[in-house]
file query30.cif (mmCIF, C-alpha atoms)
data_target
loop_
_atom_site.group_PDB
_atom_site.id
_atom_site.type_symbol
_atom_site.label_atom_id
_atom_site.label_comp_id
_atom_site.auth_asym_id
_atom_site.auth_seq_id
_atom_site.Cartn_x
_atom_site.Cartn_y
_atom_site.Cartn_z
ATOM 1 C CA GLY L 11 -63.859 97.651 93.180
ATOM 2 C CA ASP L 12 -65.764 99.105 90.237
ATOM 3 C CA ASN L 13 -67.169 96.138 88.313
ATOM 4 C CA SER L 14 -64.132 93.979 89.105
ATOM 5 C CA PHE L 15 -66.460 91.046 89.779
ATOM 6 C CA SER L 16 -67.810 91.283 86.215
ATOM 7 C CA PHE L 17 -64.576 89.905 84.809
ATOM 8 C CA VAL L 18 -64.273 86.743 86.876
ATOM 9 C CA ARG L 19 -66.278 83.586 86.331
ATOM 10 C CA HIS L 20 -69.341 83.096 88.521
ATOM 11 C CA PRO L 21 -69.547 81.393 90.971
ATOM 12 C CA GLU L 22 -66.169 79.690 91.564
ATOM 13 C CA GLU L 23 -63.905 82.676 90.789
ATOM 14 C CA TRP L 24 -66.277 85.000 92.698
ATOM 15 C CA ARG L 25 -65.711 82.934 95.837
ATOM 16 C CA GLN L 26 -61.952 82.991 95.244
ATOM 17 C CA LEU L 27 -62.013 86.782 94.818
ATOM 18 C CA CYS L 28 -64.051 87.236 98.016
ATOM 19 C CA ASP L 29 -61.628 84.986 99.900
ATOM 20 C CA ALA L 30 -58.592 86.836 98.512
ATOM 21 C CA LEU L 31 -60.075 90.205 99.466
ATOM 22 C CA ALA L 32 -61.019 88.995 102.950
ATOM 23 C CA ASP L 33 -57.543 87.505 103.483
ATOM 24 C CA ARG L 34 -56.011 90.923 102.838
ATOM 25 C CA MET L 35 -58.454 92.872 105.008
ATOM 26 C CA HIS L 36 -58.600 93.240 108.795
ATOM 27 C CA PRO L 37 -61.833 92.190 110.511
ATOM 28 C CA GLY L 38 -64.144 95.204 110.545
ATOM 29 C CA ALA L 39 -62.600 96.731 107.404
ATOM 30 C CA THR L 40 -65.034 98.059 104.803
ATOM 31 C CA LEU L 41 -65.330 96.784 101.252
ATOM 32 C CA MET L 42 -67.088 98.969 98.702
ATOM 33 C CA ALA L 43 -67.788 97.287 95.399
ATOM 34 C CA ARG L 44 -69.928 98.332 92.459
ATOM 35 C CA LEU L 45 -71.140 95.166 90.821
ATOM 36 C CA PHE L 46 -72.839 94.396 87.550
ATOM 37 C CA SER L 47 -75.991 92.362 88.218
ATOM 38 C CA LEU L 48 -79.173 91.473 86.382
ATOM 39 C CA PRO L 49 -82.038 92.250 88.746
ATOM 40 C CA LEU L 50 -84.739 92.209 86.068
ATOM 41 C CA GLY L 51 -83.757 89.070 84.214
ATOM 42 C CA ARG L 52 -82.754 89.256 80.610
ATOM 43 C CA PRO L 53 -84.996 90.565 77.853
ATOM 44 C CA THR L 54 -86.011 87.800 75.468
ATOM 45 C CA THR L 55 -87.564 89.660 72.549
ATOM 46 C CA VAL L 56 -86.671 92.660 70.445
ATOM 47 C CA ALA L 57 -89.877 94.324 71.668
ATOM 48 C CA GLU L 58 -88.730 93.972 75.304
ATOM 49 C CA ILE L 59 -85.330 95.452 74.462
ATOM 50 C CA ILE L 60 -86.966 98.409 72.734
ATOM 51 C CA GLU L 61 -89.377 98.898 75.637
ATOM 52 C CA ARG L 62 -86.522 98.922 78.153
ATOM 53 C CA SER L 63 -84.490 101.343 76.067
ATOM 54 C CA LEU L 64 -87.419 103.723 75.685
ATOM 55 C CA GLY L 65 -87.741 103.851 79.454
ATOM 56 C CA ALA L 66 -84.098 104.824 79.886
ATOM 57 C CA THR L 67 -83.833 108.493 78.985
ATOM 58 C CA ASP L 68 -80.188 109.005 79.947
ATOM 59 C CA ILE L 69 -78.777 105.648 78.941
ATOM 60 C CA ASN L 70 -75.023 105.506 78.577
ATOM 61 C CA TYR L 71 -74.113 103.318 75.627
ATOM 62 C CA THR L 72 -70.798 102.057 76.899
ATOM 63 C CA ALA L 73 -69.852 98.666 75.568
ATOM 64 C CA ILE L 74 -70.991 96.646 78.565
ATOM 65 C CA ARG L 75 -74.403 98.335 78.632
ATOM 66 C CA THR L 76 -74.762 97.708 74.918
ATOM 67 C CA ALA L 77 -74.087 94.026 75.482
ATOM 68 C CA MET L 78 -76.549 93.926 78.349
ATOM 69 C CA LEU L 79 -79.295 95.602 76.326
ATOM 70 C CA PHE L 80 -78.951 93.119 73.529
ATOM 71 C CA ALA L 81 -79.071 90.122 75.827
ATOM 72 C CA GLY L 82 -76.756 87.341 74.739
ATOM 73 C CA ALA L 83 -77.091 86.266 78.365
ATOM 74 C CA SER L 84 -77.124 82.691 79.536
ATOM 75 C CA GLU L 85 -79.742 82.063 82.224
ATOM 76 C CA ASP L 86 -77.848 79.271 83.972
ATOM 77 C CA THR L 87 -74.390 80.848 84.152
ATOM 78 C CA PHE L 88 -75.302 84.552 84.084
ATOM 79 C CA GLU L 89 -72.858 85.223 81.280
ATOM 80 C CA LEU L 90 -73.125 88.121 78.849
ATOM 81 C CA HIS L 91 -71.532 87.604 75.460
ATOM 82 C CA PRO L 92 -71.059 90.819 73.457
ATOM 83 C CA ALA L 93 -70.520 88.817 70.256
ATOM 84 C CA ARG L 94 -74.007 87.307 70.585
ATOM 85 C CA ALA L 95 -75.395 90.759 71.354
ATOM 86 C CA VAL L 96 -73.883 92.165 68.149
ATOM 87 C CA ALA L 97 -75.370 89.301 66.126
ATOM 88 C CA MET L 98 -78.777 89.978 67.676
ATOM 89 C CA PHE L 99 -78.448 93.672 66.868
ATOM 90 C CA ASP L 100 -77.486 92.909 63.256
ATOM 91 C CA ALA L 101 -80.461 90.581 62.844
ATOM 92 C CA HIS L 102 -82.904 93.241 64.085
ATOM 93 C CA ARG L 103 -81.135 96.482 63.188
ATOM 94 C CA ALA L 104 -84.127 98.055 61.445
ATOM 95 C CA ASP L 105 -86.435 97.346 64.397
ATOM 96 C CA LEU L 106 -83.947 98.724 66.905
ATOM 97 C CA ALA L 107 -82.522 101.681 64.984
ATOM 98 C CA ALA L 108 -85.623 103.878 65.198
ATOM 99 C CA SER L 109 -85.664 103.575 68.973
ATOM 100 C CA PHE L 110 -81.964 104.116 69.542
ATOM 101 C CA GLU L 111 -81.415 106.902 67.042
ATOM 102 C CA ARG L 112 -83.728 109.136 69.096
ATOM 103 C CA ARG L 113 -81.217 109.107 71.945
ATOM 104 C CA PRO L 114 -78.747 111.967 72.275
ATOM 105 C CA SER L 115 -75.249 110.741 71.656
ATOM 106 C CA THR L 116 -71.715 111.951 72.048
ATOM 107 C CA PRO L 117 -68.530 110.228 70.876
ATOM 108 C CA ASP L 118 -68.372 108.391 74.218
ATOM 109 C CA ASN L 119 -72.088 107.637 74.317
ATOM 110 C CA ASP L 120 -72.897 106.270 70.904
ATOM 111 C CA LEU L 121 -74.760 102.995 70.559
ATOM 112 C CA PHE L 122 -73.615 102.290 67.024
ATOM 113 C CA ALA L 123 -69.962 102.978 67.841
ATOM 114 C CA GLY L 124 -70.312 100.667 70.843
ATOM 115 C CA ILE L 125 -71.681 97.913 68.637
ATOM 116 C CA GLU L 126 -68.777 98.254 66.228
ATOM 117 C CA ARG L 127 -66.213 98.149 69.055
ATOM 118 C CA TRP L 128 -67.569 94.762 70.085
ATOM 119 C CA ARG L 129 -67.739 93.227 66.606
ATOM 120 C CA GLY L 130 -65.518 90.131 66.688
ATOM 121 C CA SER L 131 -65.102 90.261 70.472
ATOM 122 C CA ARG L 132 -64.812 87.120 72.543
ATOM 123 C CA ALA L 133 -65.365 88.978 75.802
ATOM 124 C CA VAL L 134 -67.609 87.500 78.477
ATOM 125 C CA TYR L 135 -69.049 89.308 81.483
ATOM 126 C CA TYR L 136 -70.559 87.664 84.527
ATOM 127 C CA ALA L 137 -73.637 89.363 85.946
ATOM 128 C CA PRO L 138 -75.631 87.208 88.337
ATOM 129 C CA PRO L 139 -78.844 88.396 89.962
ATOM 130 C CA LEU L 140 -78.277 90.476 93.105
ATOM 131 C CA PRO L 141 -79.166 87.634 95.536
ATOM 132 C CA HIS L 142 -76.322 85.542 94.045
ATOM 133 C CA VAL L 143 -73.943 88.477 94.491
ATOM 134 C CA LEU L 144 -74.919 88.824 98.150
ATOM 135 C CA ALA L 145 -74.543 85.081 98.715
ATOM 136 C CA ALA L 146 -71.001 85.144 97.300
ATOM 137 C CA LEU L 147 -70.031 87.963 99.656
ATOM 138 C CA GLY L 148 -71.892 86.479 102.614
ATOM 139 C CA SER L 149 -69.338 83.849 103.554
ATOM 140 C CA ARG L 150 -66.623 86.395 104.464
ATOM 141 C CA PHE L 151 -68.440 89.740 104.604
ATOM 142 C CA ARG L 152 -71.505 91.234 106.282
ATOM 143 C CA VAL L 153 -73.393 93.397 103.777
ATOM 144 C CA ARG L 154 -74.229 96.704 105.479
ATOM 145 C CA ASP L 155 -75.883 98.606 102.673
ATOM 146 C CA ILE L 156 -76.718 98.588 98.975
ATOM 147 C CA HIS L 157 -76.870 101.883 97.102
ATOM 148 C CA PHE L 158 -78.430 102.500 93.721
ATOM 149 C CA GLY L 159 -77.555 105.711 91.905
ATOM 150 C CA PRO L 160 -80.006 108.155 90.342
ATOM 151 C CA PHE L 161 -79.237 107.259 86.717
ATOM 152 C CA ASP L 162 -81.476 105.056 84.574
ATOM 153 C CA MET L 163 -79.226 102.000 84.505
ATOM 154 C CA ALA L 164 -78.355 102.139 88.231
ATOM 155 C CA LYS L 165 -80.539 99.125 88.968
ATOM 156 C CA TYR L 166 -77.917 97.051 87.134
ATOM 157 C CA PHE L 167 -74.933 98.521 89.008
ATOM 158 C CA PRO L 168 -75.508 98.482 92.775
ATOM 159 C CA LEU L 169 -72.792 99.783 95.083
ATOM 160 C CA ILE L 170 -72.440 97.303 97.920
ATOM 161 C CA VAL L 171 -70.914 98.288 101.254
ATOM 162 C CA ALA L 172 -69.775 95.293 103.299
ATOM 163 C CA THR L 173 -67.722 94.704 106.443
ATOM 164 C CA ARG L 174 -65.103 91.993 106.703
ATOM 165 C CA LYS L 175 -66.265 89.444 109.327
#
call {"tool": "encode", "arguments": {"input": "query30.cif", "output": "structure tokens"}}
result
Amino acid sequence: GDNSFSFVRHPEEWRQLCDALADRMHPGATLMARLFSLPLGRPTTVAEIIERSLGATDINYTAIRTAMLFAGASEDTFELHPARAVAMFDAHRADLAASFERRPSTPDNDLFAGIERWRGSRAVYYAPPLPHVLAALGSRFRVRDIHFGPFDMAKYFPLIVATRK
């Protein structure tokens, strides 16, 4: 499952998804799921967003990463709202533009195109901290390993390998 958990409401629909997966798997079967999580907490100021972006040399500006960079997250429900992220970007465009324009971009990796794709969106993504992810899986699965890739944003997208109990 590549980010499938990001599209279901945390925590109640996460538990339902884990139960549904476990019900369809034999004991001992392996689940591999790449999840979207927020291990660092959300940035709260434009300066923090710029600092994070400067540290990411190979950032991929897909829509979900754009939304994550520009916060719009709710601390209590771990929700990311791209519409709020776009509003934040618009309010601070001049401050952010100098940082982001230094990044190499391609048609599929363009921050400004990503922003425009999300203008008017009502999408919501659920990205709890990693311990919440592991707790949701823990009732029906035994987590065997967590892998983080070599790319800059990997800390937000762990690949979890778990065995059905």
call {"tool": "residues_around", "arguments": {"input": "query30.cif", "residues": "L:Leu31", "least_positions_apart": "4", "cutoff": "10 Å", "atoms": "only C-alpha atoms", "output": "list of chain:residue names"}}
result
L:Arg25, L:Gln26, L:Leu27, L:Met35, L:His36, L:Leu41, L:Arg150, L:Phe151, L:Arg174
call {"tool": "resolve_selection", "arguments": {"input": "query30.cif", "expression": "the PyMOL selection byres ((chain L and resi 45) around 7)", "output": "list in words"}}
result
Asp12, Asn13, Phe15, Ser16, Ala43, Arg44, Phe46, Ser47, Phe167, Pro168 and Leu169 of chain L
call {"tool": "atom_distance", "arguments": {"input": "query30.cif", "atom1": "atom CA of L:Ile156", "atom2": "atom CA of L:Val171"}}
result
6.2 Å
call {"tool": "atom_distance", "arguments": {"input": "query30.cif", "atom1": "atom CA of L:Ser149", "atom2": "atom CA of L:Ala32"}}
result
9.8 Å
call {"tool": "resolve_selection", "arguments": {"input": "query30.cif", "expression": "the PyMOL selection byres ((chain L and resi 137) around 9)", "output": "VMD selection string"}}
result
chain L and resid 15 to 16 20 45 to 48 83 87 to 90 135 to 136 138 to 140 143 166
call {"tool": "residues_around", "arguments": {"input": "query30.cif", "residues": "L:Ala93", "least_positions_apart": "2", "cutoff": "8 Å", "atoms": "all atoms listed in the file", "output": "list in words"}}
result
Gly82, His91, Ala95, Val96, Ala97, Trp128, Arg129, Gly130, Ser131, Arg132 and Ala133 of chain L
call {"tool": "write_last_selection", "arguments": {"input": "query30.cif", "atoms": "C-alpha atoms", "output": "compact mmCIF listing (two decimals), in the frame of the given file"}}
result
# COMPACT_ATOMS: atom_id res chain seq x y z
CA GLY L 82 -76.76 87.34 74.74
CA HIS L 91 -71.53 87.60 75.46
CA ALA L 95 -75.40 90.76 71.35
CA VAL L 96 -73.88 92.16 68.15
CA ALA L 97 -75.37 89.30 66.13
CA TRP L 128 -67.57 94.76 70.08
CA ARG L 129 -67.74 93.23 66.61
CA GLY L 130 -65.52 90.13 66.69
CA SER L 131 -65.10 90.26 70.47
CA ARG L 132 -64.81 87.12 72.54
CA ALA L 133 -65.36 88.98 75.80
